[in-house]
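Q: What follows is a structure written as structure tokens; I'll ask about it next.
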There are 2 protein chains.
Amino acid sequence: MINLSIIGSGNVAQHLISAFKKLESDFNEINLIEVCARDSKKLSHLIDAEKICTDIADMVDVDLFIIAVSDEAIAEVSRKIPHNNRLVVHVSGSVPLISLSNKNRKGVFYPVQTFTSTQEINFWDVPICIETETIIDSIILKKIAASLTQLIYELNSSQRKALHVAAVFANNFVNHLYKISADVCEDNSIPFDILFPLIQETSKKIEFMSPEKAQTGPAMRKDLTTIESHLSFLENEHQKELYITLTESILQNGKKL
Amino acid sequence: MINLSIIGSGNVAQHLISAFKKLESDFNEINLIEVCARDSKKLSHLIDAEKICTDIADMVDVDLFIIAVSDEAIAEVSRKIPHNNRLVVHVSGSVPLISLSNKNRKGVFYPVQTFTSTQEINFWDVPICIETETIIDSIILKKIAASLTQLIYELNSSQRKALHVAAVFANNFVNHLYKISADVCEDNSIPFDILFPLIQETSKKIEFMSPEKAQTGPAMRKDLTTIESHLSFLENEHQKELYITLTESILQNGKKL
């Protein structure tokens, strides 16, 4: 039996609370004992009031503390945990393991997904990347991860940082291109919905074809006539600049300089 | 009953041939009479040899000719069709209707999807954008489109061009970012597969939330510490330049200058 507590009340914390709560009804090898959040109201829809603690100094002793707070607060929160020699993990893609306080055993439990408060996530399909200092702690985190997901990876801090950078390209930057695309549609009275099937197909294609092989479009074809016609069509300098940078990048095949 | 022929043997032509052939077995309101392609071997797996014509001058007379060739060849092909006053359409996102020869009635039949030779597409979910000169021709094209898809839009040439630009952002440029992301993973011995669930979720999110609202990540949070740490992590100048351009664009919210 593993007793764990979560610190935080943001999107990741809330999704983890829901996922661990679902687990409790199935079997009781893993118990969510307590959640620590300064603003208990943010969690009142998710967990009983008596399980919410508003001061980290009052947290009860458990086997595992999961820190799900903003990156810059992780180190300080880890120092404030009022227990020693417990396993303390954070859930961040970009914070190194060594940022955690030395008074406890350190680990990382990073779910690679974009979490929205309004949208339920099936954790079973969310990859979890773990990192620990010892094999024993790795076994503990793998056991917990395996109760939530079928996709478990061990990555060190440097790989996790690389993965986070890769995720910024594939998620944050991609979403921004969707926004630019939606702006172009709106400016020309075209429903953005027309592009949904294309967007879905583009994202599905990479699962059976490398993105390098899947590349199509005017830049890939070196179709300068279309590229020039698109550039003269775009009146917004900002959109034009993005179009040029991305077209040049495709023309150079994202070449490693 | 509408008799139609297709000119071309590329990806779009092949997918249209398959889609119209499937239709024939269901009901016979729409008949694929002939396909014209210089290299008949490219189509031998799709259609009977006697239905393939290798010289456009020999094409039989039908109600509708669908030109599915490269953008730069459309005008010339339309001039070479050996019949007059028929409906002649092209399938391109970026070529204006007026590029077609005056000797026939002009139209556009643009399927908004990315076609790969190896991957079957369910046409029922492919939006088709049509444009014609007359209401009667619009009725004909809508009838044909409705036999293939549930998603039919009427766009004029200027809107279609805008849509094509928007599609370049949402498909070609997005795919290129997947490639950069895959490169970063590969350079750090991380399986790109870890990002598949995140990529799928990102693309699904826009169907119930505007991309503007869905934006997350270091740039959106104005988290300069993470941005700087990512930039110092990226050794490849090319990746770094893309990271900076896209981050600045998010910081400015793709602002219309």
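Here's how to read the names in the structure tokens: chain A, B, ... by the order shown, residue numbers from 1 in each chain, ligand numbers from 1 in the order shown.
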Please find the residues of chain B near chain A - the criterion being any atom within 7 Å, counting only C-alpha atoms - and write them as a VMD selection string.
A: chain B and resid 112 to 114 125 to 127 159 162 to 163 165 to 181 184 to 185 188 194 to 195 197 to 200 202 to 203 211 to 212 215 to 217 230 236 to 238 246 250 254 to 257
Q: Write down as a list in words the residues belonging to segment 71-191 of chain B that are assigned strand (DSSP E) by DSSP computed on the backbone.
A: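 Of segment 71-191 of chain B, only Leu87, Val88, Val89, His90, Arg105, Lys106, Gly107, Val108, Phe109, Tyr110, Pro111, Ile128, Cys129, Ile130, Glu131, Thr132, Ile152, Tyr153 and Glu154 of chain B fall in strand (DSSP E).
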Q: Using only C-alpha atoms, which of the listed residues (B:Ala57, B:Val89, B:Ala49, B:Ala68) sits closest to Gln14 of chain B?
A: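 Closest candidate: B:Ala68.
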Q: Which value, in Å to one decimal, gives the distance between atom CA of Ile33 of chain A and atom CA of Leu16 of chain A?
A: 13.0 Å
Q: Counting only C-alpha atoms, what is within 9 Å of Val77 of chain A, bar same-chain residues fewer than 6 positions away, as JSON, numbers by chain?
A: {"A": [7, 56, 67, 69, 100, 101]}
Q: Go through A:Thr132, A:Asp39, A:Leu64, A:Ile17 and flag the residue nearest Ile144 of chain A, using only C-alpha atoms for the distances.
A: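 The answer is A:Leu64, which sits nearest to Ile144 of chain A.
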Q: Find the distance between atom CA of Thr149 of chain A and atom CA of Val88 of chain A and write it in Å to one decimal.
A: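 Answer for the atom CA of Thr149 of chain A to atom CA of Val88 of chain A separation: 20.0 Å.
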